[in-house]
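Raw contents of structure.cif, mmCIF, C-alpha atoms:
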data_coords
loop_
_atom_site.label_atom_id
_atom_site.label_comp_id
_atom_site.auth_asym_id
_atom_site.auth_seq_id
_atom_site.Cartn_x
_atom_site.Cartn_y
_atom_site.Cartn_z
CA MET A 134 -23.22 2.95 -38.85
CA LEU A 135 -24.21 -0.55 -37.75
CA VAL A 136 -22.97 -3.83 -39.23
CA GLY A 137 -25.40 -6.74 -38.89
CA VAL A 138 -24.15 -10.33 -38.68
CA VAL A 139 -26.89 -12.64 -39.86
CA GLY A 140 -27.42 -16.29 -40.78
CA LYS A 141 -29.29 -19.43 -39.86
CA ALA A 142 -28.61 -21.30 -36.65
CA ASN A 143 -25.41 -23.25 -36.04
CA VAL A 144 -23.23 -21.99 -38.89
CA GLY A 145 -20.70 -20.27 -36.64
CA LYS A 146 -22.44 -16.89 -36.70
CA SER A 147 -21.95 -16.13 -33.02
CA THR A 148 -18.36 -17.38 -33.20
CA PHE A 149 -17.79 -15.03 -36.13
CA PHE A 150 -19.30 -12.17 -34.12
CA LYS A 151 -17.09 -12.96 -31.11
CA ALA A 152 -14.03 -13.23 -33.37
CA LEU A 153 -14.82 -9.71 -34.61
CA THR A 154 -15.56 -8.19 -31.23
CA LEU A 155 -14.26 -10.53 -28.47
CA ALA A 156 -17.63 -9.89 -26.83
CA ASP A 157 -18.64 -12.24 -24.03
CA ILE A 158 -21.55 -14.05 -25.66
CA GLU A 159 -23.09 -17.48 -25.57
CA ILE A 160 -21.85 -19.82 -28.28
CA ALA A 161 -23.82 -23.05 -28.45
CA ASN A 162 -24.45 -25.89 -30.87
CA TYR A 163 -28.23 -25.52 -31.09
CA PRO A 164 -30.77 -23.20 -32.71
CA PHE A 165 -31.52 -19.87 -31.06
CA ALA A 166 -28.43 -19.72 -28.89
CA THR A 167 -28.71 -16.02 -29.70
CA ILE A 168 -32.16 -15.00 -28.46
CA LYS A 169 -31.57 -11.28 -28.09
CA PRO A 170 -29.22 -9.43 -30.42
CA ASN A 171 -25.70 -9.08 -29.13
CA HIS A 172 -24.02 -5.72 -29.63
CA GLY A 173 -20.27 -5.42 -29.75
CA ILE A 174 -17.46 -3.34 -31.18
CA GLY A 175 -15.49 -4.60 -34.16
CA TYR A 176 -12.56 -2.79 -35.74
CA VAL A 177 -11.91 -2.04 -39.38
CA LYS A 178 -8.26 -2.05 -40.36
CA ILE A 179 -6.63 0.75 -42.36
CA ASP A 180 -3.12 1.94 -43.15
CA CYS A 181 -2.59 4.62 -40.52
CA VAL A 182 -1.94 8.14 -41.73
CA ASP A 183 0.76 8.57 -39.08
CA THR A 184 3.34 7.24 -41.55
CA PHE A 185 2.68 10.30 -43.75
CA PHE A 186 3.89 12.48 -40.89
CA ASN A 187 6.68 10.08 -39.86
CA THR A 188 5.26 9.72 -36.36
CA GLN A 189 3.38 7.27 -34.15
CA CYS A 190 -0.29 7.88 -33.37
CA ASN A 191 -1.95 7.37 -29.98
CA PRO A 192 -5.59 6.32 -30.56
CA ARG A 193 -8.16 7.15 -27.90
CA PHE A 194 -10.37 4.38 -29.29
CA GLY A 195 -9.19 1.26 -31.05
CA SER A 196 -5.48 0.69 -31.53
CA CYS A 197 -2.57 1.02 -33.93
CA GLN A 198 -0.27 -1.96 -34.49
CA ASN A 199 2.72 -1.55 -36.77
CA HIS A 200 1.00 1.48 -38.35
CA LYS A 201 -2.19 -0.50 -38.99
CA ARG A 202 -4.99 1.53 -37.42
CA PHE A 203 -8.03 -0.29 -36.03
CA VAL A 204 -11.10 1.95 -35.98
CA PRO A 205 -14.20 0.95 -33.96
CA VAL A 206 -17.44 -0.09 -35.66
CA ASP A 207 -20.73 -1.07 -34.00
CA VAL A 208 -21.69 -4.68 -34.78
CA ILE A 209 -24.89 -6.58 -33.99
CA ASP A 210 -25.33 -10.36 -33.94
CA VAL A 211 -28.93 -10.93 -34.99
CA ALA A 212 -31.01 -13.83 -33.63
CA GLY A 213 -30.96 -17.05 -35.69
CA LEU A 214 -33.11 -17.17 -38.81
CA VAL A 215 -35.49 -19.95 -39.87
CA PRO A 216 -37.64 -20.43 -43.00
CA GLY A 217 -40.84 -18.41 -42.81
CA ALA A 218 -39.35 -15.60 -40.72
CA HIS A 219 -41.32 -13.06 -42.75
CA GLU A 220 -44.47 -14.90 -41.65
CA GLY A 221 -43.43 -14.75 -38.00
CA HIS A 222 -41.99 -18.27 -37.72
CA GLY A 223 -39.24 -18.91 -35.18
CA LEU A 224 -37.99 -15.54 -33.98
CA GLY A 225 -39.02 -14.04 -37.29
CA ASN A 226 -40.57 -10.76 -36.21
CA GLN A 227 -37.79 -10.03 -33.74
CA PHE A 228 -35.20 -11.05 -36.32
CA LEU A 229 -36.53 -8.62 -38.93
CA SER A 230 -36.88 -5.80 -36.41
CA ASP A 231 -33.29 -6.26 -35.22
CA LEU A 232 -32.06 -6.63 -38.76
CA ASN A 233 -33.61 -3.35 -39.80
CA GLU A 234 -31.22 -1.47 -37.50
CA ALA A 235 -28.26 -2.55 -39.65
CA ASP A 236 -26.82 -0.50 -42.52
CA VAL A 237 -24.96 -3.45 -44.05
CA LEU A 238 -25.25 -7.21 -43.60
CA ILE A 239 -22.66 -9.95 -43.28
CA HIS A 240 -24.39 -13.25 -44.09
CA VAL A 241 -22.47 -16.06 -42.38
CA ILE A 242 -22.97 -19.46 -44.03
CA ASP A 243 -21.46 -22.88 -43.46
CA ALA A 244 -19.33 -23.23 -46.59
CA ALA A 245 -18.47 -26.81 -45.68
CA GLY A 246 -22.12 -27.86 -46.09
CA ALA A 247 -22.14 -29.42 -42.62
CA THR A 248 -25.39 -27.78 -41.45
CA ASN A 249 -28.80 -28.45 -42.98
CA GLU A 250 -31.61 -25.98 -43.63
CA LYS A 251 -32.84 -26.33 -40.03
CA GLY A 252 -29.41 -25.57 -38.57
CA GLU A 253 -28.79 -29.20 -37.61
CA PRO A 254 -25.31 -30.77 -37.97
CA VAL A 255 -24.98 -33.13 -40.95
CA GLU A 256 -22.11 -34.86 -42.75
CA PRO A 257 -19.77 -32.20 -44.22
CA GLY A 258 -20.41 -31.75 -47.92
CA SER A 259 -23.92 -33.23 -47.78
CA TYR A 260 -25.75 -29.86 -47.80
CA ASP A 261 -25.53 -27.20 -50.52
CA PRO A 262 -24.87 -23.73 -48.97
CA VAL A 263 -26.23 -22.11 -52.14
CA ASN A 264 -29.64 -22.85 -50.63
CA ASP A 265 -28.85 -20.64 -47.62
CA VAL A 266 -28.16 -17.60 -49.78
CA LYS A 267 -31.35 -18.11 -51.76
CA PHE A 268 -33.27 -18.68 -48.56
CA LEU A 269 -32.14 -15.43 -46.94
CA GLU A 270 -32.75 -13.49 -50.14
CA HIS A 271 -36.29 -14.86 -50.25
CA GLU A 272 -37.02 -14.00 -46.61
CA LEU A 273 -35.75 -10.43 -46.99
CA ASN A 274 -37.47 -9.90 -50.34
CA MET A 275 -40.78 -11.12 -48.93
CA TRP A 276 -40.35 -8.87 -45.91
CA TYR A 277 -40.03 -5.83 -48.17
CA TYR A 278 -42.81 -7.07 -50.44
CA GLN A 279 -45.25 -7.45 -47.55
CA ILE A 280 -44.53 -3.94 -46.29
CA ILE A 281 -45.03 -2.47 -49.78
CA MET A 282 -48.28 -4.38 -50.28
CA ARG A 283 -49.91 -3.11 -47.10
CA GLY A 284 -52.76 -0.99 -48.42
CA TRP A 285 -51.18 -0.94 -51.89
CA ASP A 286 -54.46 -0.40 -53.79
CA LYS A 287 -55.39 2.66 -51.76
CA PHE A 288 -51.79 3.88 -51.78
CA SER A 289 -51.43 3.64 -55.56
CA ARG A 290 -54.83 5.28 -56.24
CA THR A 291 -53.98 8.16 -53.90
CA ILE A 292 -50.70 8.77 -55.71
CA LYS A 293 -52.49 8.96 -59.06
CA GLN A 294 -55.42 11.04 -57.84
CA GLU A 295 -53.22 13.58 -56.09
CA SER A 296 -50.57 13.56 -58.85
CA LYS A 297 -47.84 12.76 -56.36
CA GLU A 298 -44.39 11.83 -57.57
CA VAL A 299 -44.23 8.05 -57.31
CA TYR A 300 -40.65 7.73 -56.15
CA LYS A 301 -41.13 10.26 -53.35
CA ALA A 302 -44.28 8.55 -52.08
CA ILE A 303 -42.71 5.09 -52.10
CA ALA A 304 -39.54 6.34 -50.39
CA LYS A 305 -41.64 7.97 -47.68
CA GLN A 306 -43.61 4.77 -47.13
CA LEU A 307 -40.39 2.72 -46.82
CA SER A 308 -38.21 5.27 -45.02
CA GLY A 309 -38.14 3.00 -41.98
CA LEU A 310 -36.20 0.50 -44.09
CA ARG A 311 -33.57 3.15 -44.97
CA VAL A 312 -34.97 3.44 -48.49
CA THR A 313 -34.17 6.82 -50.06
CA GLU A 314 -35.76 8.81 -52.87
CA ASP A 315 -32.67 8.36 -55.04
CA MET A 316 -32.86 4.57 -54.65
CA VAL A 317 -36.50 4.44 -55.72
CA LYS A 318 -36.06 6.93 -58.56
CA GLU A 319 -33.28 4.85 -60.11
CA ILE A 320 -35.10 1.53 -59.69
CA ILE A 321 -38.50 2.52 -61.13
CA LYS A 322 -37.23 4.46 -64.17
CA ASP A 323 -38.16 1.51 -66.44
CA PHE A 324 -41.42 0.69 -64.65
CA PRO A 325 -44.79 1.68 -66.22
CA ALA A 326 -45.36 5.42 -65.76
CA ASP A 327 -48.87 4.77 -64.42
CA ILE A 328 -48.51 3.15 -61.00
CA ILE A 329 -52.02 1.69 -61.30
CA LYS A 330 -50.70 -0.50 -64.13
CA TRP A 331 -47.97 -2.05 -62.01
CA GLU A 332 -48.42 -5.81 -61.82
CA ASN A 333 -47.53 -8.11 -58.95
CA LYS A 334 -44.28 -9.08 -60.68
CA ASP A 335 -43.33 -5.39 -60.84
CA ILE A 336 -43.90 -4.96 -57.12
CA LYS A 337 -41.88 -8.09 -56.30
CA GLN A 338 -39.07 -6.79 -58.48
CA LEU A 339 -39.28 -3.44 -56.70
CA ALA A 340 -39.06 -5.20 -53.31
CA SER A 341 -36.01 -7.20 -54.38
CA LEU A 342 -34.13 -4.23 -55.84
CA LEU A 343 -34.91 -1.95 -52.91
CA ARG A 344 -33.75 -4.63 -50.48
CA LYS A 345 -30.42 -4.91 -52.31
CA ALA A 346 -29.99 -1.14 -52.39
CA SER A 347 -30.96 -0.41 -48.78
CA LYS A 348 -29.47 -3.53 -47.13
CA PRO A 349 -26.22 -4.28 -49.02
CA MET A 350 -24.91 -7.70 -48.09
CA LEU A 351 -21.80 -9.83 -48.47
CA ILE A 352 -21.24 -13.48 -47.71
CA ALA A 353 -18.83 -14.82 -45.10
CA ALA A 354 -18.26 -18.41 -46.23
CA ASN A 355 -17.32 -19.86 -42.85
CA LYS A 356 -15.59 -23.12 -41.89
CA LEU A 357 -13.05 -22.60 -44.67
CA ASP A 358 -10.74 -25.26 -43.24
CA LEU A 359 -13.25 -28.11 -43.61
CA GLY A 360 -13.48 -30.57 -46.51
CA ALA A 361 -15.90 -29.34 -49.13
CA ALA A 362 -15.60 -25.62 -48.32
CA GLU A 363 -13.22 -24.57 -51.12
CA LYS A 364 -15.28 -26.32 -53.78
CA ASN A 365 -18.50 -24.84 -52.40
CA ILE A 366 -17.04 -21.33 -52.32
CA GLU A 367 -16.18 -21.56 -56.02
CA LYS A 368 -19.73 -22.73 -56.69
CA LEU A 369 -21.14 -19.82 -54.67
CA LYS A 370 -19.07 -17.31 -56.64
CA LYS A 371 -20.42 -18.68 -59.92
CA GLU A 372 -24.00 -18.79 -58.64
CA PHE A 373 -23.92 -15.29 -57.13
CA PRO A 374 -21.46 -13.17 -59.18
CA ASP A 375 -22.88 -9.92 -57.77
CA TYR A 376 -21.98 -10.78 -54.17
CA ILE A 377 -18.66 -10.30 -52.42
CA ILE A 378 -17.92 -13.80 -51.08
CA ILE A 379 -15.07 -14.28 -48.62
CA GLY A 380 -13.88 -17.60 -47.30
CA CYS A 381 -13.20 -17.42 -43.57
CA SER A 382 -12.54 -19.40 -40.42
CA ALA A 383 -14.15 -17.76 -37.41
CA ASP A 384 -12.95 -20.51 -35.05
CA PHE A 385 -9.31 -19.94 -35.93
CA GLU A 386 -9.56 -16.14 -35.86
CA LEU A 387 -11.08 -16.37 -32.39
CA ALA A 388 -8.30 -18.73 -31.27
CA LEU A 389 -5.62 -16.32 -32.56
CA LYS A 390 -7.21 -13.31 -30.87
CA GLU A 391 -7.59 -15.16 -27.59
CA ALA A 392 -3.91 -16.18 -27.76
CA TYR A 393 -2.94 -12.57 -28.50
CA LYS A 394 -5.12 -11.36 -25.62
CA LYS A 395 -3.19 -13.69 -23.28
CA ASP A 396 0.19 -12.40 -24.58
CA LEU A 397 1.01 -15.77 -26.09
CA ILE A 398 1.47 -14.49 -29.65
CA GLU A 399 1.96 -11.26 -31.57
CA TYR A 400 -0.82 -11.11 -34.15
CA ILE A 401 -2.31 -8.39 -36.31
CA PRO A 402 -5.81 -9.34 -37.51
CA GLY A 403 -5.98 -9.84 -41.25
CA GLU A 404 -2.29 -10.76 -41.55
CA ASN A 405 -0.94 -14.07 -42.84
CA ASP A 406 1.28 -14.95 -39.88
CA PHE A 407 1.90 -14.53 -36.16
CA LYS A 408 4.86 -14.74 -33.79
CA ILE A 409 4.93 -16.88 -30.67
CA VAL A 410 6.12 -14.80 -27.68
CA GLY A 411 4.73 -16.67 -24.66
CA ASP A 412 5.22 -20.03 -23.01
CA LEU A 413 3.06 -22.58 -24.81
CA SER A 414 2.41 -26.24 -24.22
CA ASP A 415 3.17 -28.66 -27.05
CA LYS A 416 -0.56 -29.00 -27.67
CA GLN A 417 -0.98 -25.23 -27.98
CA LYS A 418 1.99 -25.02 -30.35
CA GLN A 419 0.56 -27.79 -32.53
CA ALA A 420 -2.83 -26.06 -32.67
CA LEU A 421 -1.29 -22.71 -33.67
CA GLU A 422 0.99 -24.32 -36.25
CA PHE A 423 -2.06 -26.04 -37.74
CA ILE A 424 -3.76 -22.66 -38.11
CA ARG A 425 -0.63 -21.14 -39.62
CA LYS A 426 -0.18 -23.89 -42.20
CA ASN A 427 -3.78 -24.74 -43.10
CA VAL A 428 -5.36 -21.28 -43.12
CA LEU A 429 -2.96 -18.34 -42.83
CA GLN A 430 -0.32 -19.60 -45.27
CA LYS A 431 -2.82 -21.30 -47.55
CA PHE A 432 -5.43 -18.52 -47.81
CA GLY A 433 -3.53 -15.40 -46.69
CA SER A 434 -5.63 -14.79 -43.55
CA THR A 435 -8.60 -16.17 -41.64
CA GLY A 436 -10.85 -13.90 -43.73
CA VAL A 437 -12.70 -12.42 -40.75
CA GLN A 438 -11.00 -9.01 -40.80
CA ASP A 439 -11.30 -8.79 -44.58
CA THR A 440 -15.03 -9.43 -44.32
CA LEU A 441 -15.62 -6.49 -41.99
CA ASN A 442 -13.37 -4.21 -44.03
CA LYS A 443 -15.17 -4.99 -47.27
CA ALA A 444 -18.57 -4.50 -45.63
CA VAL A 445 -17.62 -1.00 -44.47
CA PHE A 446 -15.36 0.23 -47.26
CA ASP A 447 -16.51 -1.70 -50.37
CA LEU A 448 -20.26 -1.97 -49.78
CA LEU A 449 -21.01 1.12 -47.69
CA LYS A 450 -18.21 3.15 -49.33
CA TYR A 451 -17.16 4.74 -46.04
CA ILE A 452 -13.92 6.68 -45.64
CA ALA A 453 -11.65 7.34 -42.65
CA ILE A 454 -10.98 10.99 -41.70
CA TYR A 455 -8.73 12.33 -38.93
CA PRO A 456 -9.04 15.68 -37.15
CA GLY A 457 -5.71 17.42 -36.79
CA GLY A 458 -3.96 20.78 -36.91
CA VAL A 459 -1.40 22.08 -39.39
CA ASN A 460 0.85 23.12 -36.55
CA LYS A 461 -0.06 20.42 -34.09
CA LEU A 462 -1.24 16.83 -34.61
CA ALA A 463 -1.53 16.14 -30.87
CA ASP A 464 -4.39 16.92 -28.50
CA LYS A 465 -4.02 18.78 -25.18
CA ASP A 466 -2.78 15.58 -23.54
CA GLY A 467 -0.06 15.05 -26.12
CA ASN A 468 -1.80 12.19 -27.95
CA VAL A 469 -0.89 12.26 -31.66
CA LEU A 470 -3.82 11.84 -34.08
CA PRO A 471 -5.98 10.48 -31.26
CA ASP A 472 -9.22 10.26 -33.24
CA CYS A 473 -10.32 8.74 -36.52
CA PHE A 474 -13.89 8.96 -37.83
CA LEU A 475 -15.71 6.88 -40.41
CA LEU A 476 -17.92 8.91 -42.74
CA PRO A 477 -20.00 8.16 -45.85
CA GLY A 478 -17.98 8.42 -49.03
CA LYS A 479 -19.57 11.60 -50.35
CA SER A 480 -19.01 13.58 -47.15
CA THR A 481 -17.75 17.16 -47.28
CA ALA A 482 -15.61 19.29 -45.00
CA LEU A 483 -18.80 20.78 -43.58
CA ASP A 484 -20.17 17.28 -42.87
CA PHE A 485 -16.98 16.53 -40.96
CA ALA A 486 -17.30 19.75 -38.98
CA TYR A 487 -20.79 18.72 -37.85
CA LYS A 488 -19.47 15.23 -37.06
CA LEU A 489 -16.93 16.75 -34.68
CA HIS A 490 -19.39 19.14 -33.02
CA THR A 491 -22.62 20.89 -33.97
CA ASP A 492 -21.07 24.26 -33.14
CA PHE A 493 -18.19 23.62 -35.56
CA GLY A 494 -20.72 23.03 -38.31
CA LYS A 495 -22.93 26.01 -37.49
CA ASN A 496 -19.97 28.37 -37.20
CA PHE A 497 -17.84 26.91 -40.00
CA ILE A 498 -15.48 29.43 -41.63
CA ARG A 499 -13.08 27.21 -43.55
CA ALA A 500 -11.02 24.06 -43.23
CA ILE A 501 -7.42 23.12 -43.92
CA ASN A 502 -6.15 19.92 -45.53
CA VAL A 503 -3.31 19.20 -43.10
CA LYS A 504 -1.45 16.99 -45.57
CA THR A 505 -1.29 19.66 -48.29
CA LYS A 506 -1.62 22.67 -45.95
CA MET A 507 -4.17 24.04 -48.44
CA THR A 508 -7.32 25.90 -47.38
CA ILE A 509 -10.51 24.14 -48.42
CA GLY A 510 -14.15 25.18 -48.43
CA LYS A 511 -17.21 23.61 -46.90
CA ASP A 512 -18.03 21.71 -50.13
CA TYR A 513 -14.62 20.04 -50.37
CA ALA A 514 -15.14 16.32 -51.04
CA LEU A 515 -13.24 14.41 -48.38
CA LYS A 516 -10.88 11.61 -49.38
CA HIS A 517 -9.97 8.48 -47.45
CA ASN A 518 -7.23 9.16 -44.86
CA ASP A 519 -7.56 12.94 -45.08
CA VAL A 520 -6.45 14.90 -42.01
CA ILE A 521 -8.61 18.01 -41.64
CA GLU A 522 -8.42 21.08 -39.41
CA ILE A 523 -11.73 22.91 -38.95
CA ILE A 524 -11.67 26.68 -38.48
CA SER A 525 -14.86 28.08 -36.94
CA SER A 526 -15.96 31.27 -35.25
CA LYS A 527 -16.43 29.41 -31.96
#

With the file now loaded, output its structure as C-alpha cells.
Amino acid sequence: MLVGVVGKANVGKSTFFKALTLADIEIANYPFATIKPNHGIGYVKIDCVDTFFNTQCNPRFGSCQNHKRFVPVDVIDVAGLVPGAHEGHGLGNQFLSDLNEADVLIHVIDAAGATNEKGEPVEPGSYDPVNDVKFLEHELNMWYYQIIMRGWDKFSRTIKQESKEVYKAIAKQLSGLRVTEDMVKEIIKDFPADIIKWENKDIKQLASLLRKASKPMLIAANKLDLGAAEKNIEKLKKEFPDYIIIGCSADFELALKEAYKKDLIEYIPGENDFKIVGDLSDKQKQALEFIRKNVLQKFGSTGVQDTLNKAVFDLLKYIAIYPGGVNKLADKDGNVLPDCFLLPGKSTALDFAYKLHTDFGKNFIRAINVKTKMTIGKDYALKHNDVIEIISSK
C-alpha cells in the first residue's frame, strides 16, 4: 500500500509529508522544490490489542505509546502540480507517473487562500481553495480520459466484433491505473449496451468515475491556524460533500514532533495536548503554548495524524492484524506482539497466511483466533485488531 501526498506548489505539501514521516527533505517557498518524489514512512495510529491481553507490546517496527500502536505505511510526496499537467506542462508527465504508484491520495491545499493558482504567495483569504480541488479533479479526469481515448475507435469496434465483455476489456486496458473489472462493471451498468453508441460525454463520465474508484482521495485543508481557513473549510465541505475534508496544520505538527524527538515534550500524534519535560527557553514555551491554545485545544489535534488514518482506514478500508499464538504472544526473543500488518478489508485467514510467508499459505491447515481461542478456516473474514495463529504443515 502506498499513500500519495499531492497538491500544487507552495501549499505546505512537503511540510505535511515531513510532519507525517520526519523524512529529511527540502522544504522551500517556491514551485518545484520537490523535483523527484520523496519516499518516507508514516504511521497510522490504532488502539493496540495488547490491552485485550493486559500486557505491553514490543513492536519491531513503529512504536506503541500509552497503548496507541503506530503501524508503518509507505508515503510518497509527489512533485508539484501545475495546470496542464495532463498535457505535459511543468513536471506533468513525471507527476502523473509518480502519482500512479499510489493507492490513495491526500490532496494538500492551502485552506487559508494564501497561495494562488500558480503556487505564488498572496494575501490570505484572497484566493478560493475550491479552485484547487476542481483543478486537480480536472487534471486527473483528463489523464484517465486521454488514456481511454487512445485508439478508442479501433478498441470499441474490436470489442463488438469479437463479442468481448465490455467491462473486462476496459479493465484490461486500464489495469495499469489499478482499475479492476468490478469497478468497471458497476460504473457502466447504466451505459448504452452497445459500446459503439457511447458518446464523448459517456467516456468522460467513465474517466471521472474510474478515477474516483481507483484513486480515492481526501483533502487535507492545511494552514488551519490562519485567518480565512475555518470559513474556507466550511465552504469546501458544502462544495464537495463526497470528500473527507480535514483541517490541519502541518507546520505545528512538525514542530511538535521535532520537540518530541529532542525530548523536550511528551506528545502522542493525533492527541489534543502534550507535556513539557525538557528545558525550554521562554520563546520555545510561548511557541508551544500558542500551538496548544490555538490548534490542539481549539480543534482537538493538528489534523495530520487523522488525515493519514482516514486515508488508510476510511478510504482504503484496511484493517490491522497481528500474528500471535494461543499459548504464546511473544516471539523467540521475548517481544510481545512484535508485528502488526495492514491488510485490505475483505482479507481472509488464508490471505494473512500468505502475507506472513508463502509457505504458510501453500501449506495452510487451519488458523486460530487467539482472542476467542476458536479454530477458524481459510475463508474466515478477518476483523480489525484480530490476533491470528496460522497452523501449517511446514

Next on the checklist: If we count only C-alpha atoms and set the cut-off at 9 Å, which residues sit around Asn233 of chain A, ignoring sequence neighbours fewer than 3 positions away in its own chain? Please answer as number ranges by chain.
Outcome noted: A: 137, 228-230, 236, 309-311, 348

Got time to write the residues from that selection, C-alpha atoms, as a short mmCIF file (atom, residue, chain, number, x, y, z; two decimals), keeping the file's coordinate frame?
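Once written, part00.cif looks like this:
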data_model
loop_
_atom_site.label_atom_id
_atom_site.label_comp_id
_atom_site.auth_asym_id
_atom_site.auth_seq_id
_atom_site.Cartn_x
_atom_site.Cartn_y
_atom_site.Cartn_z
CA GLY A 137 -25.40 -6.74 -38.89
CA PHE A 228 -35.20 -11.05 -36.32
CA LEU A 229 -36.53 -8.62 -38.93
CA SER A 230 -36.88 -5.80 -36.41
CA ASP A 236 -26.82 -0.50 -42.52
CA GLY A 309 -38.14 3.00 -41.98
CA LEU A 310 -36.20 0.50 -44.09
CA ARG A 311 -33.57 3.15 -44.97
CA LYS A 348 -29.47 -3.53 -47.13
#

Checklist entry - For this file, the PyMOL selection byres ((chain A and resi 456) around 6) selects which residues, as a ChimeraX atom specification? => result /A:455,457,520-522

Expected file: the selected residues, C-alpha atoms, as a PDB file, in the frame of the given file:
ATOM      1  CA  TYR A 455      -8.730  12.330 -38.930  1.00  0.00           C
ATOM      2  CA  GLY A 457      -5.710  17.420 -36.790  1.00  0.00           C
ATOM      3  CA  VAL A 520      -6.450  14.900 -42.010  1.00  0.00           C
ATOM      4  CA  ILE A 521      -8.610  18.010 -41.640  1.00  0.00           C
ATOM      5  CA  GLU A 522      -8.420  21.080 -39.410  1.00  0.00           C
TER       6      GLU A 522
END

Checklist entry - Counting only C-alpha atoms, which residues come within 6 Å of (-22.0, -5.8, -32.7), with the point read in the file's coordinates, and could you list them as JSON, numbers by chain? => result {"A": [172, 173, 174, 207, 208, 209, 210]}

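Residue nearest Lys318 of chain A, chosen from A:Leu489, A:Ala302, A:Ile336, A:Ile424 and counting only C-alpha atoms: A:Ala302.
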
Once the PyMOL selection byres ((chain A and resi 381) around 9) has been evaluated on this model, what residues remain selected, and can you format them as a PDB file with C-alpha atoms, in the frame of the given file?
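What ended up in expr-v2.pdb:
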ATOM      1  CA  ALA A 244     -19.330 -23.230 -46.590  1.00  0.00           C
ATOM      2  CA  ALA A 353     -18.830 -14.820 -45.100  1.00  0.00           C
ATOM      3  CA  ALA A 354     -18.260 -18.410 -46.230  1.00  0.00           C
ATOM      4  CA  ASN A 355     -17.320 -19.860 -42.850  1.00  0.00           C
ATOM      5  CA  LYS A 356     -15.590 -23.120 -41.890  1.00  0.00           C
ATOM      6  CA  LEU A 357     -13.050 -22.600 -44.670  1.00  0.00           C
ATOM      7  CA  ASP A 358     -10.740 -25.260 -43.240  1.00  0.00           C
ATOM      8  CA  ILE A 379     -15.070 -14.280 -48.620  1.00  0.00           C
ATOM      9  CA  GLY A 380     -13.880 -17.600 -47.300  1.00  0.00           C
ATOM     10  CA  SER A 382     -12.540 -19.400 -40.420  1.00  0.00           C
ATOM     11  CA  ALA A 383     -14.150 -17.760 -37.410  1.00  0.00           C
ATOM     12  CA  PHE A 385      -9.310 -19.940 -35.930  1.00  0.00           C
ATOM     13  CA  GLU A 386      -9.560 -16.140 -35.860  1.00  0.00           C
ATOM     14  CA  VAL A 428      -5.360 -21.280 -43.120  1.00  0.00           C
ATOM     15  CA  PHE A 432      -5.430 -18.520 -47.810  1.00  0.00           C
ATOM     16  CA  SER A 434      -5.630 -14.790 -43.550  1.00  0.00           C
ATOM     17  CA  THR A 435      -8.600 -16.170 -41.640  1.00  0.00           C
ATOM     18  CA  GLY A 436     -10.850 -13.900 -43.730  1.00  0.00           C
ATOM     19  CA  VAL A 437     -12.700 -12.420 -40.750  1.00  0.00           C
ATOM     20  CA  ASP A 439     -11.300  -8.790 -44.580  1.00  0.00           C
ATOM     21  CA  THR A 440     -15.030  -9.430 -44.320  1.00  0.00           C
TER      22      THR A 440
END

Residue members of the PyMOL selection byres ((chain A and resi 246) around 8) in the file shown, as a CSV table (one decimal) with C-alpha atoms, keeping the file's coordinate frame:
chain,number,residue,atom,x,y,z
A,243,ASP,CA,-21.5,-22.9,-43.5
A,244,ALA,CA,-19.3,-23.2,-46.6
A,245,ALA,CA,-18.5,-26.8,-45.7
A,247,ALA,CA,-22.1,-29.4,-42.6
A,248,THR,CA,-25.4,-27.8,-41.4
A,249,ASN,CA,-28.8,-28.4,-43.0
A,255,VAL,CA,-25.0,-33.1,-41.0
A,256,GLU,CA,-22.1,-34.9,-42.8
A,257,PRO,CA,-19.8,-32.2,-44.2
A,258,GLY,CA,-20.4,-31.8,-47.9
A,259,SER,CA,-23.9,-33.2,-47.8
A,260,TYR,CA,-25.8,-29.9,-47.8
A,261,ASP,CA,-25.5,-27.2,-50.5
A,262,PRO,CA,-24.9,-23.7,-49.0
A,361,ALA,CA,-15.9,-29.3,-49.1
A,362,ALA,CA,-15.6,-25.6,-48.3
A,365,ASN,CA,-18.5,-24.8,-52.4
